[in-house]
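Chemist: Dropping the structure in here first, questions after.
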Amino acid sequence: MLEMKNISKSFPGVKACDNVSFSLRHGEVHTLLGENGAGKTTLMNILFGIYRQDSGDVYLDGRHVNITSPHAALKHGIGMVQQHFTLVPSFTVAENIVLGLRETNLFVQTSKVEERIAELSDRYGLRVDPKARAWTLSVGEKQRAEILKILYTGAKILILDEPTAVLVPQETRTLFEALGKMKEAGTSIIFISHKLEEVMQISDRITVLRQGSVVDTVDKSATTKTKLARLMVGKDVLIDVQRETVEPGRALLEVRDLKARDDRGLISVNGISLEVHAGEVLGIAGVEGNGQRELAETIYGMRMPESGSILLDGNDITGASISKRVGLGLAFVPQDRKGMAISPNLSVEENLFSKNYATQTVRCHALFLNKRDISRVSKDLIASFSIATPSEKTKTKYLSGGNIQKVVLARELSSEPKVIIAAQPTRGLDVGAMEFVYRTLQQQKKKGAAILLLAGDLDELFRLSDRVAVIYSGRIVGYTPSDPSYREKIGLMMSGAASEGDER
Ligand SMILES: Nc1ncnc2c1ncn2[C@@H]1O[C@H](COP(=O)(O)OP(=O)(O)OP(=O)(O)O)[C@@H](O)[C@H]1O
Ligand SMILES: [Mg+2]
């Protein structure tokens, strides 16, 4: 029903799509797979009318179409949930959806919209309150709102750019169930993901891209995870980072009876105490929305605690500014990178050298560097973190999703921090980059950093952590050894069903 033929698109210094052909059948889930920067988002941005291809054609049911804007794409029944969400924070879900229907009359009754949303939300099992303001929604809810926004327009083709990168396993399951129902209703879905497991689970066909070109399109039934990984990278890939245990040193991070509120003003960190020692990774397992985010933000100083205290290498930093904390050796890789960790309109180099958290600009690295040094160090970081960018002067927003994350990681991990808070550090990264992050964190640990790792993915936690703490409803409900044999037990603790762990 949809065909993209011989699509090419270049940006200064990079051919993002090189003669790509791609087709989508009625009611199929077709996955786009490829490393960071392979051209997946670009191809979909062309289909959704955000970019114009340099050459090549798009056909819908055999008819040639010109898609010149997202608005035009929606008119053709094509909708996209982008890698970074686009809801207006102060509007309700329903208002956001009305906003998406620009062409319809301005006097749509919100109550009617709300009704219809509730109906769609029921039909597909996409739970979200139409009256809730977008800024109060969890990541999963925002995504469901974005999907509803598209279904509302009656789209027949739904593009999902790395939807599961921001979801915890339970939410992914719900999303997949919804996708199944959409398929039954005749919707075709283009799905982007780096997680081979789920690609094998949800896809009918898979197209693999490498450096802007199609390597192959295969039927799910005729392939395996190993084959896909090989197609994607061009060689065998196996993440092979073994955890090395080092003798833990003194406590570098101490959190005592910490309480903090979330954006809605509700207590979401409810009396957490923990210690992370030099040379140790403490993994925090939990379903998103149980206080992880607020815990991380409070330790970093973006959120002030209600009560309790935080010590960094013995210094009380409970009320300190972010720059003071950074100066004392604290680094933070937040989960919402585009929103928080980088300034999209600044160059890669500028983002490598300063961070801007809530209008507080914080310089990292040595204070007295001249321009030439900055440029040299940037180039080194770009090389050692394999950041794919035409140059260090390129605006960061032009990088692919995975490469933006590498910029944050390069900045945070290169300053020899004493304490690192890493929230979902490999979200959206391809296998190669993931392995790189694992190695880097492991190196930092061996050098004596204390690492607090927050991750939804238990495999990632087991791979990196020395101990695992489970968070539920703002409290640490127990500790377990970092071992896959505890998966079940952790799962129960994460859901609040079991509350005591094993040894600390
Ligand atoms: N607006 C732009 N200006 C300049 N370069 C761009 C722009 N958009 C994308 N690129 C470049 O095109 C290439 C492909 O990027 P794209 O975002 O399509 O990759 P991707 O496959 O989606 O990667 P990821 O898995 O990291 O999201 C990258 O090298 C990227 O830097
Ligand atoms: Mg992308």
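Residues are named by chain letter and number: chains run A, B, ... in the order of the structure tokens, numbers start at 1 in each chain, and ligands are numbered from 1 in the order shown.
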Ligand 2: which residues are within 9 Å, counting only C-alpha atoms and all ligand atoms? Reply as a compact mmCIF listing (two decimals) with C-alpha atoms, in the first residue's frame.

Modeler:
# COMPACT_ATOMS: atom_id res chain seq x y z
CA ASN A 36 22.77 4.98 15.51
CA GLY A 37 22.91 7.32 12.54
CA ALA A 38 21.92 4.68 9.96
CA GLY A 39 19.18 6.94 8.59
CA LYS A 40 16.02 5.47 10.11
CA THR A 41 14.62 8.71 11.51
CA THR A 42 15.57 10.63 8.38
CA GLN A 82 8.63 11.13 17.00
CA GLN A 83 11.68 10.05 18.96
CA ASP A 161 10.31 6.02 16.25
CA GLU A 162 11.90 4.04 19.07
CA ILE A 192 11.91 1.47 14.94
CA LEU A 399 22.70 14.54 15.38
CA SER A 400 20.84 11.25 15.43
CA GLY A 401 19.15 10.33 18.71
CA GLY A 402 21.85 7.90 19.73
CA GLY A 428 18.27 4.32 22.45

Chemist: If we count only C-alpha atoms, what is near range 48-62 of chain A at a cut-off of 7 Å, once residues fewer than 2 positions away on the same chain are taken out, given as an NGL selection string?

Modeler: :A and (1-9 or 44-46 or 64-65 or 67-70 or 73 or 78-80)

Chemist: Could you dump the residues just selected with C-alpha atoms as a tab-separated table (two decimals), in the first residue's frame?

Modeler:
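The resulting file, part.tsv, is shown below:
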chain	number	residue	atom	x	y	z
A	1	MET	CA	0.00	0.00	0.00
A	2	LEU	CA	2.95	2.30	0.63
A	3	GLU	CA	6.10	2.41	-1.41
A	4	MET	CA	9.13	4.61	-1.04
A	5	LYS	CA	11.35	4.26	-4.11
A	6	ASN	CA	15.00	5.24	-4.44
A	7	ILE	CA	14.93	7.85	-1.73
A	8	SER	CA	18.09	9.87	-1.20
A	9	LYS	CA	18.72	12.66	1.26
A	44	MET	CA	10.61	8.47	8.36
A	45	ASN	CA	10.90	12.24	8.58
A	46	ILE	CA	10.70	12.25	4.80
A	64	HIS	CA	2.35	9.11	-6.61
A	65	VAL	CA	2.12	11.49	-3.66
A	67	ILE	CA	4.20	14.91	1.10
A	68	THR	CA	5.27	18.43	1.83
A	69	SER	CA	4.43	18.75	5.54
A	70	PRO	CA	3.28	16.67	8.52
A	73	ALA	CA	1.10	13.43	5.72
A	78	ILE	CA	0.25	8.87	7.76
A	79	GLY	CA	1.04	9.74	11.39
A	80	MET	CA	4.29	9.67	13.33

Chemist: Just checking: using only C-alpha atoms, which residue out of A:Glu349, A:Glu288, A:Glu119, A:Asp257 ends up closest to Pro305 in chain A?

Modeler: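 Of A:Glu349, A:Glu288, A:Glu119, A:Asp257, the one nearest Pro305 in chain A, counting only C-alpha atoms, is A:Asp257.
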
Chemist: When you count only C-alpha atoms and all ligand atoms, which of these residues is closest to ligand 1: A:Gly234, A:Pro334, A:Pro390, A:Pro169?

Modeler: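 Once distances to ligand 1 are computed over only C-alpha atoms and all ligand atoms, the minimum belongs to A:Pro390.
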
Chemist: Neighbours of Val241 in chain A within 10 Å (only C-alpha atoms; same-chain residues fewer than 3 positions away dropped), as a PDB file with all heavy atoms, in the first residue's frame?

Modeler:
ATOM      1  N   LEU A 238      28.525  -9.335  19.842  1.00  0.00           N
ATOM      2  CA  LEU A 238      28.149  -9.985  21.086  1.00  0.00           C
ATOM      3  C   LEU A 238      28.636  -9.048  22.175  1.00  0.00           C
ATOM      4  O   LEU A 238      29.812  -8.728  22.227  1.00  0.00           O
ATOM      5  CB  LEU A 238      28.902 -11.301  21.216  1.00  0.00           C
ATOM      6  CG  LEU A 238      28.128 -12.581  20.951  1.00  0.00           C
ATOM      7  CD1 LEU A 238      29.013 -13.776  21.179  1.00  0.00           C
ATOM      8  CD2 LEU A 238      26.876 -12.653  21.822  1.00  0.00           C
ATOM      9  N   GLU A 244      33.734  -6.749  36.594  1.00  0.00           N
ATOM     10  CA  GLU A 244      34.908  -7.003  37.428  1.00  0.00           C
ATOM     11  C   GLU A 244      34.651  -6.386  38.785  1.00  0.00           C
ATOM     12  O   GLU A 244      34.233  -5.243  38.875  1.00  0.00           O
ATOM     13  CB  GLU A 244      36.153  -6.388  36.800  1.00  0.00           C
ATOM     14  CG  GLU A 244      36.530  -7.035  35.491  1.00  0.00           C
ATOM     15  CD  GLU A 244      37.582  -6.234  34.751  1.00  0.00           C
ATOM     16  OE1 GLU A 244      38.640  -5.966  35.345  1.00  0.00           O
ATOM     17  OE2 GLU A 244      37.316  -5.858  33.601  1.00  0.00           O
ATOM     18  N   GLU A 435      27.754  -1.348  24.279  1.00  0.00           N
ATOM     19  CA  GLU A 435      28.952  -2.006  24.795  1.00  0.00           C
ATOM     20  C   GLU A 435      29.963  -0.959  25.233  1.00  0.00           C
ATOM     21  O   GLU A 435      30.610  -1.076  26.279  1.00  0.00           O
ATOM     22  CB  GLU A 435      29.552  -2.901  23.706  1.00  0.00           C
ATOM     23  CG  GLU A 435      30.949  -3.363  24.063  1.00  0.00           C
ATOM     24  CD  GLU A 435      31.331  -4.677  23.421  1.00  0.00           C
ATOM     25  OE1 GLU A 435      30.578  -5.175  22.569  1.00  0.00           O
ATOM     26  OE2 GLU A 435      32.405  -5.203  23.784  1.00  0.00           O
ATOM     27  N   PHE A 436      30.057   0.127  24.464  1.00  0.00           N
ATOM     28  CA  PHE A 436      30.985   1.194  24.800  1.00  0.00           C
ATOM     29  C   PHE A 436      30.637   1.831  26.150  1.00  0.00           C
ATOM     30  O   PHE A 436      31.511   2.083  26.981  1.00  0.00           O
ATOM     31  CB  PHE A 436      30.958   2.245  23.679  1.00  0.00           C
ATOM     32  CG  PHE A 436      31.877   3.381  23.947  1.00  0.00           C
ATOM     33  CD1 PHE A 436      33.232   3.257  23.712  1.00  0.00           C
ATOM     34  CD2 PHE A 436      31.392   4.570  24.464  1.00  0.00           C
ATOM     35  CE1 PHE A 436      34.093   4.295  23.986  1.00  0.00           C
ATOM     36  CE2 PHE A 436      32.243   5.607  24.748  1.00  0.00           C
ATOM     37  CZ  PHE A 436      33.590   5.479  24.502  1.00  0.00           C
ATOM     38  N   TYR A 438      28.978   0.449  28.603  1.00  0.00           N
ATOM     39  CA  TYR A 438      29.273  -0.524  29.657  1.00  0.00           C
ATOM     40  C   TYR A 438      30.749  -0.491  30.015  1.00  0.00           C
ATOM     41  O   TYR A 438      31.133  -0.474  31.173  1.00  0.00           O
ATOM     42  CB  TYR A 438      28.888  -1.939  29.198  1.00  0.00           C
ATOM     43  CG  TYR A 438      27.401  -2.154  29.059  1.00  0.00           C
ATOM     44  CD1 TYR A 438      26.901  -3.203  28.321  1.00  0.00           C
ATOM     45  CD2 TYR A 438      26.500  -1.290  29.672  1.00  0.00           C
ATOM     46  CE1 TYR A 438      25.531  -3.419  28.185  1.00  0.00           C
ATOM     47  CE2 TYR A 438      25.125  -1.491  29.542  1.00  0.00           C
ATOM     48  CZ  TYR A 438      24.652  -2.555  28.800  1.00  0.00           C
ATOM     49  OH  TYR A 438      23.305  -2.746  28.663  1.00  0.00           O
ATOM     50  N   ARG A 439      31.584  -0.464  28.978  1.00  0.00           N
ATOM     51  CA  ARG A 439      33.026  -0.434  29.225  1.00  0.00           C
ATOM     52  C   ARG A 439      33.423   0.835  29.975  1.00  0.00           C
ATOM     53  O   ARG A 439      34.220   0.799  30.901  1.00  0.00           O
ATOM     54  CB  ARG A 439      33.787  -0.452  27.892  1.00  0.00           C
ATOM     55  CG  ARG A 439      33.967  -1.814  27.349  1.00  0.00           C
ATOM     56  CD  ARG A 439      34.940  -1.819  26.168  1.00  0.00           C
ATOM     57  NE  ARG A 439      34.693  -2.996  25.368  1.00  0.00           N
ATOM     58  CZ  ARG A 439      34.865  -4.236  25.813  1.00  0.00           C
ATOM     59  NH1 ARG A 439      35.352  -4.439  27.019  1.00  0.00           N
ATOM     60  NH2 ARG A 439      34.576  -5.263  25.059  1.00  0.00           N
ATOM     61  N   GLN A 442      32.378   0.785  33.534  1.00  0.00           N
ATOM     62  CA  GLN A 442      33.225  -0.168  34.237  1.00  0.00           C
ATOM     63  C   GLN A 442      34.609   0.428  34.528  1.00  0.00           C
ATOM     64  O   GLN A 442      35.152   0.272  35.616  1.00  0.00           O
ATOM     65  CB  GLN A 442      33.350  -1.424  33.383  1.00  0.00           C
ATOM     66  CG  GLN A 442      34.271  -2.449  33.952  1.00  0.00           C
ATOM     67  CD  GLN A 442      33.489  -3.687  34.371  1.00  0.00           C
ATOM     68  OE1 GLN A 442      32.823  -3.691  35.396  1.00  0.00           O
ATOM     69  NE2 GLN A 442      33.552  -4.716  33.562  1.00  0.00           N
ATOM     70  N   ARG A 463      24.311  -6.801  34.548  1.00  0.00           N
ATOM     71  CA  ARG A 463      25.595  -6.737  33.882  1.00  0.00           C
ATOM     72  C   ARG A 463      26.555  -5.774  34.586  1.00  0.00           C
ATOM     73  O   ARG A 463      27.750  -5.997  34.637  1.00  0.00           O
ATOM     74  CB  ARG A 463      25.383  -6.269  32.446  1.00  0.00           C
ATOM     75  CG  ARG A 463      26.499  -6.597  31.506  1.00  0.00           C
ATOM     76  CD  ARG A 463      26.209  -5.975  30.169  1.00  0.00           C
ATOM     77  NE  ARG A 463      25.142  -6.652  29.441  1.00  0.00           N
ATOM     78  CZ  ARG A 463      25.324  -7.752  28.718  1.00  0.00           C
ATOM     79  NH1 ARG A 463      26.512  -8.290  28.651  1.00  0.00           N
ATOM     80  NH2 ARG A 463      24.323  -8.286  28.074  1.00  0.00           N
ATOM     81  N   LEU A 464      26.005  -4.676  35.117  1.00  0.00           N
ATOM     82  CA  LEU A 464      26.875  -3.621  35.623  1.00  0.00           C
ATOM     83  C   LEU A 464      26.942  -3.516  37.142  1.00  0.00           C
ATOM     84  O   LEU A 464      27.953  -3.083  37.697  1.00  0.00           O
ATOM     85  CB  LEU A 464      26.407  -2.259  35.089  1.00  0.00           C
ATOM     86  CG  LEU A 464      26.565  -2.014  33.597  1.00  0.00           C
ATOM     87  CD1 LEU A 464      25.895  -0.703  33.220  1.00  0.00           C
ATOM     88  CD2 LEU A 464      28.036  -1.974  33.209  1.00  0.00           C
TER      89      LEU A 464
END
